[in-house]
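Presented below is the structure to which this report refers.
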2 protein chains.
Amino acid sequence: MATLLESALKETQAHLEAVLDQLLPQPQGPEARVAEAMRYATLGGGKRIRAFLTLQSGRLFGVDRRALSRTAAALECVHAYSLVHDDLPAMDDDDMRRGRPTTHKKFDEATAILAGDALLTHAFQLLAEPETHPDPHVRAELCLRLAQASGAGGMVGGQMIDMACENLTPDMATITRLQRMKTGALIVFAAEAGAIMGRASQQQRHALTFYAQDLGLAFQMVDDLLDETGSAGETGKAVGKDATRGKATFVAALGLERTRAQAEALAHQAPGHLAEFDGRADLLRALPAYVLARKG
Amino acid sequence: MATLLESALKETQAHLEAVLDQLLPQPQGPEARVAEAMRYATLGGGKRIRAFLTLQSGRLFGVDRRALSRTAAALECVHAYSLVHDDLPAMDDDDMRRGRPTTHKKFDEATAILAGDALLTHAFQLLAEPETHPDPHVRAELCLRLAQASGAGGMVGGQMIDMACENLTPDMATITRLQRMKTGALIVFAAEAGAIMGRASQQQRHALTFYAQDLGLAFQMVDDLLDETGSAGETGKAVGKDATRGKATFVAALGLERTRAQAEALAHQAPGHLAEFDGRADLLRALPAYVLARKG
């Protein structure tokens with residue numbers, strides 16, 4: 001299953017590259033620079049874990065792949081926007097991302113702020129367009145859930161806690177809240193989106209939510225571990241910066257060994273939530289172990 | 001009608017203050033700072049022209065005022081977000097707005113970026129929530145049109161042109177494109193939103209669109225004139241900065257007199273588009289002349 005999963009992830013990466021290339025605005029007119037920066041920030045790599053979750057969860061309910069791809073693209077736009085803004089000098093001040101200069105380094109700060117704003121806006125546009133789903137109930141619910149997952153009560157709120165906690169020593173409850181909001185909420189919505197589009201039952205939707213909560217936390221713990229123990233070559237960004245900045249990470253709170261152990265426990269637990277699904281959920285079942293083993 | 005309009009605008013300002021206070025997130029938890037900054041940026045003043053347009057256009061079609069107020073609040077959130085990000089040091093670097101320190105001055109840059117992001121996201125949340133309209137078609141269309149008006153093809157694209165044109169001498173076509181995108185698109189959507197919610201005919205919707213296009217351009221021309229000839233006390237922000245920065249304004253391209261003449265022509269022309277509506281459109285008909293006479 002590990003090899004199958006790897007080739008499925010590679011296929012998703014190539015697919016999203018083509019889908020995003022088609023769905024992002026083309027640079028034209030005197031405002032071309034913002035579209036160029038949107039494309040730079042979104043295209044050319046990324047693990048596409050969020051897109052993969054949407055494509056796979058939608059498959060469980062027989063959702064049209066073309067429609068799923070639009071929702072997956074919207075999620076990757078939001079993820080890319082969050083990275084562009086988090087990398088800004090006023091925030092984490094990062095120069096490298098995915099092995100390339102960050103968007104404000106490649107362009108400039110003003111363009112990076114605007115490109116992030118436009119990517120967030122574009123995500124809602126994609127979800128609201130009729131091509132994404134014939135049922136307007138579904139489109140409105142996708143917009144609503146994306147907003148809840150990515151706004152002040154979700155991703156943005158998590159980043160706020162992240163900034164506020166620098167050089168403090170927050171407790172595990174705060175760190176868990178931070179990560180559930182900052183990265184967890186969007187990962188949960190990614191898995192949920194396929195269920196919304198497939199008009200799944202509440203029970204099926206909850207199963208995917210619980211799965212994605214465990215996966216999201218494990219994913220973040222591995223991220224924290226990689227910042228401490230990984231190499232810049234493998235992760236595509238500077239490492240060791242969390243500790244230097246006094247970031248509120250799981251490693252800072254629990255240490256390397258206990259973080260590793262908790263990530264393993266969550267990765268083992270996650271697939272259990274998918275018991276009610278058939279073989280079509282096997283790639284989702286294999287994903288947590290893969291996330292645990294990742295090097296970058 | 002001028003006095004009636006003034007009291008209606010004042011009533012809208014007071015009403016929006018209450019509505020936004022209720023609909024914006026409450027500061028709580030370790031992420032409280034982002035909600036505080038969202039409130040600071042959105043509450044406590046503002047002309048609420050966009051909200052007024054939505055409330056008045058919806059009234060033409062008998063739309064429930066409670067529902068209209070939610071859409072009006074969403075528009076004011078988007079407007080506030082655009083001001084917060086435009087005021088950032090990397091953009092226009094403004095210290096004062098509405099007679100108070102700008103959000104990044106009152107808080108800090110990171111918080112201002114995040115508060116802007118969260119306000120934009122919150123606008124989509126408000127529009128997508130069932131309380132805004134029982135028909136999901138309407139909710140999805142509101143989200144779609146807001147995204148089109150405020151993204152790379154609208155407001156953000158306009159701000160990109162604005163940044164790109166500094167110290168150049170763009171032609172009138174570029175300046176008009178800039179302003180139609182930067183301020184016009186959202187003003188047009190504000191007028192259109194009431195028609196969408198009231199399931200108006202295409203003809204009625206177009207009438208409001210044409211009206212708002214003229215109004216929006218006149219509004220921007222007056223803004224440019226005020227920056228050149230107004231006082232900081234009346235406008236609540238620093239004046240004379242457009243010229244210092246070499247901004248692509250109508251005044252820079254046309255001079256004071258021709259800008260004034262064009263604004264007057266547009267303000268005279270705008271009410272003509274509303275001929276098919278009854279007396280309920282009288283406040284909208286009076287608005288362009290009021291905009292022309294404003295001092296801040």
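How things are named: the first chain in the structure tokens is A, the next is B, and so on; residues count from 1 in each chain; ligands count from 1 in the order shown.
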
Problem - For Thr132 of chain A: contacts at 8 Å, only C-alpha atoms, fewer than 3 positions along chain excluded, given as a ChimeraX atom specification - result: /A:67-68,70-71,126-129,139

Exercise for the section: Within 7 Å of Met155 of chain A, counting only C-alpha atoms, which residues show up once you throw out same-chain ones fewer than 2 positions away? Write them as number ranges by chain, please. Expected result: A: 149-152, 157-159, 181-183, 185

Problem - For Gln179 of chain B, the nearest of the candidates B:Ala200, B:Leu119, B:Leu144, B:Leu217, counting only C-alpha atoms - result: B:Leu217

Once you count only C-alpha atoms, what closest atom pair and distance in Å to one decimal does each residue of chain B within 6 Å of chain A have, with rows by chain and rising residue number, as JSON lines?
{"residue": "B:Pro30", "atom": "CA", "partner": "A:Ile161", "partner_atom": "CA", "distance": 5.8}
{"residue": "B:Glu31", "atom": "CA", "partner": "A:Ile161", "partner_atom": "CA", "distance": 5.0}
{"residue": "B:Ala90", "atom": "CA", "partner": "A:Ala110", "partner_atom": "CA", "distance": 5.2}
{"residue": "B:Met91", "atom": "CA", "partner": "A:Ala110", "partner_atom": "CA", "distance": 5.4}
{"residue": "B:Glu109", "atom": "CA", "partner": "A:Ala90", "partner_atom": "CA", "distance": 5.9}
{"residue": "B:Ala110", "atom": "CA", "partner": "A:Ala90", "partner_atom": "CA", "distance": 5.2}
{"residue": "B:Ala118", "atom": "CA", "partner": "A:Gly151", "partner_atom": "CA", "distance": 4.9}
{"residue": "B:Thr121", "atom": "CA", "partner": "A:Ala147", "partner_atom": "CA", "distance": 5.5}
{"residue": "B:Gln125", "atom": "CA", "partner": "A:Leu144", "partner_atom": "CA", "distance": 5.2}
{"residue": "B:Ala128", "atom": "CA", "partner": "A:Leu144", "partner_atom": "CA", "distance": 5.1}
{"residue": "B:Pro136", "atom": "CA", "partner": "A:His137", "partner_atom": "CA", "distance": 5.1}
{"residue": "B:His137", "atom": "CA", "partner": "A:Pro136", "partner_atom": "CA", "distance": 5.1}
{"residue": "B:Ala140", "atom": "CA", "partner": "A:Ala140", "partner_atom": "CA", "distance": 5.0}
{"residue": "B:Leu144", "atom": "CA", "partner": "A:Ala128", "partner_atom": "CA", "distance": 5.1}
{"residue": "B:Ala147", "atom": "CA", "partner": "A:Gln125", "partner_atom": "CA", "distance": 5.2}
{"residue": "B:Gly151", "atom": "CA", "partner": "A:Ala118", "partner_atom": "CA", "distance": 4.9}
{"residue": "B:Ala152", "atom": "CA", "partner": "A:Ala118", "partner_atom": "CA", "distance": 5.3}
{"residue": "B:Gly157", "atom": "CA", "partner": "A:Glu31", "partner_atom": "CA", "distance": 5.4}
{"residue": "B:Met160", "atom": "CA", "partner": "A:Glu31", "partner_atom": "CA", "distance": 5.5}
{"residue": "B:Ile161", "atom": "CA", "partner": "A:Glu31", "partner_atom": "CA", "distance": 5.0}

Practice task
Might you pull out every residue within 7 Å of Ile187 of chain B, with only C-alpha atoms counted and same-chain residues fewer than 6 positions away left off, and present them as a list of chain:residue names?
Solution key: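 Everything that qualifies: B:Arg50, B:Ala212, B:Gly216.
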
Practice task
Find the spatial neighbours of Gln22 of chain B, counting only C-alpha atoms, within a cut-off of 12 Å - ignore same-chain residues fewer than 4 positions away - and output them as a ChimeraX atom specification.
Solution key: /B:15-18,26,39,43,69-70,73,126

Practice task
Might you pull out every residue within 12 Å of Asp64 of chain B, with only C-alpha atoms counted and same-chain residues fewer than 5 positions away left off, and present them as a list in words?
Solution key: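 Counting only C-alpha atoms, the residues come to Thr54, Leu55, Gln56, Ser57, Gly58, Arg59, Ser69, Arg70, Thr71, Glu131, Thr132, His133, Pro134, Gly194, Met197 and Gly198 of chain B.
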
Expected file contents, prior selection, N, CA and C atoms, as a tab-separated table (two decimals), in the first residue's frame:
chain	number	residue	atom	x	y	z
B	54	THR	N	-26.29	48.88	-0.17
B	54	THR	CA	-26.93	47.56	-0.05
B	54	THR	C	-28.30	47.67	0.62
B	55	LEU	N	-28.35	48.42	1.71
B	55	LEU	CA	-29.63	48.56	2.42
B	55	LEU	C	-30.68	49.22	1.53
B	56	GLN	N	-30.27	50.26	0.79
B	56	GLN	CA	-31.23	50.99	-0.04
B	56	GLN	C	-31.62	50.19	-1.29
B	57	SER	N	-30.66	49.50	-1.90
B	57	SER	CA	-31.03	48.74	-3.10
B	57	SER	C	-31.92	47.55	-2.73
B	58	GLY	N	-31.65	46.94	-1.59
B	58	GLY	CA	-32.50	45.83	-1.15
B	58	GLY	C	-33.93	46.29	-0.83
B	59	ARG	N	-34.02	47.49	-0.31
B	59	ARG	CA	-35.35	48.05	0.03
B	59	ARG	C	-36.24	48.17	-1.21
B	69	SER	N	-28.80	43.72	6.42
B	69	SER	CA	-27.78	44.25	7.32
B	69	SER	C	-26.58	43.32	7.41
B	70	ARG	N	-26.81	42.02	7.30
B	70	ARG	CA	-25.70	41.07	7.34
B	70	ARG	C	-24.81	41.23	6.10
B	71	THR	N	-25.46	41.38	4.94
B	71	THR	CA	-24.69	41.59	3.71
B	71	THR	C	-23.96	42.92	3.76
B	131	GLU	N	-28.62	32.50	7.70
B	131	GLU	CA	-29.35	33.67	8.20
B	131	GLU	C	-29.38	34.81	7.17
B	132	THR	N	-28.44	34.82	6.24
B	132	THR	CA	-28.38	35.92	5.28
B	132	THR	C	-29.43	35.81	4.20
B	133	HIS	N	-29.80	34.59	3.84
B	133	HIS	CA	-30.87	34.40	2.87
B	133	HIS	C	-31.32	32.94	2.88
B	134	PRO	N	-32.63	32.70	2.83
B	134	PRO	CA	-33.07	31.30	2.86
B	134	PRO	C	-32.70	30.52	1.58
B	194	GLY	N	-28.25	44.09	-3.06
B	194	GLY	CA	-29.67	44.19	-2.71
B	194	GLY	C	-30.54	43.61	-3.81
B	197	MET	N	-30.31	39.78	-3.63
B	197	MET	CA	-31.11	39.27	-2.51
B	197	MET	C	-32.60	39.40	-2.79
B	198	GLY	N	-32.98	40.42	-3.56
B	198	GLY	CA	-34.38	40.63	-3.89
B	198	GLY	C	-34.80	39.94	-5.18

Problem - Contact residues around segment 45-47 of chain A with only C-alpha atoms at 10 Å, ignoring same-chain residues under 5 positions, as a list of chain:residue names - result: A:Leu9, A:Lys10, A:Thr12, A:Gln13, A:Ala14, A:Leu16, A:Glu17, A:Tyr40, A:Phe52, A:Glu76, A:His79, A:Ala80, A:Arg97, A:Arg98, A:Gly99, A:Gly296

Take the residues from that selection and write them out as a tab-separated table (two decimals), in the first residue's frame, keeping C-alpha atoms.
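Result written to out-v1.tsv:
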chain	number	residue	atom	x	y	z
A	9	LEU	CA	0.38	11.27	-4.10
A	10	LYS	CA	2.68	11.90	-7.07
A	12	THR	CA	-2.20	14.18	-7.23
A	13	GLN	CA	0.77	16.55	-7.28
A	14	ALA	CA	0.97	16.48	-11.08
A	16	LEU	CA	-3.06	19.75	-9.07
A	17	GLU	CA	-0.27	21.49	-10.93
A	40	TYR	CA	4.56	31.65	-8.16
A	52	PHE	CA	-5.25	14.65	-1.72
A	76	GLU	CA	-4.33	24.70	-2.06
A	79	HIS	CA	-2.79	26.98	2.01
A	80	ALA	CA	-0.51	28.93	-0.34
A	97	ARG	CA	10.12	27.94	0.97
A	98	ARG	CA	9.96	24.73	-1.07
A	99	GLY	CA	13.61	25.28	-1.96
A	296	GLY	CA	10.46	16.88	4.06

Exercise for the section: Name all residues at most 10 Å from Glu6 of chain A (count only C-alpha atoms; drop same-chain ones fewer than 6 positions away) and give them as a ChimeraX atom specification. Expected result: /A:12,283,286-287,290

Practice task
as a list in words, please: all residues of segment 70-248 of chain B that backbone DSSP puts in strand (DSSP E or B).
Solution key: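 Written out, the strand (DSSP E or B) residues of segment 70-248 of chain B are Met96, Arg97, Arg100 and Pro101 of chain B.
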
Fill in the blank from the handout: From atom CA of Ala218 of chain A to atom CA of Ala263 of chain A the spacing works out at 4.5 Å

Practice task
Point out the residue among B:Leu75, B:Leu254, B:Val84, B:Ala190 with the least atom-to-atom distance to Met172 of chain B, counting only C-alpha atoms.
Solution key: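 Smallest separation from Met172 of chain B among the options: B:Leu254.
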
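When atom CA of Leu215 of chain A is paired with atom CA of Leu5 of chain A, their separation reads 15.4 Å.
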
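Closest approach to Arg294 of chain B from the set B:Thr244, B:Gln262, B:Gln220, B:Thr169 is made by B:Gln220, with distances taken over only C-alpha atoms.
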
Exercise for the section: Quote the spacing between atom CA of Asp94 of chain A and atom CA of Thr42 of chain A in Å to one decimal place. Expected result: 16.6 Å

Practice task
Counting only C-alpha atoms, figure out which residue out of A:Thr235, A:Thr209, A:Thr176, A:Gln203 gets nearest to Val188 of chain A.
Solution key: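 Smallest distance to Val188 of chain A is found for A:Thr209.
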
Exercise for the section: Per DSSP on the backbone, filter segment 82-133 of chain A down to the residues in helix (DSSP H, G or I) and report them as a PyMOL selection string. Expected result: chain A and resi 82-86+103-106+109-128+130-132

Problem - Using only C-alpha atoms: which of B:Ala193, B:Ser7, B:Ala37, B:Ala293 has the shortest distance to His104 of chain B - result: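 The closest residue to His104 of chain B is B:Ala37.
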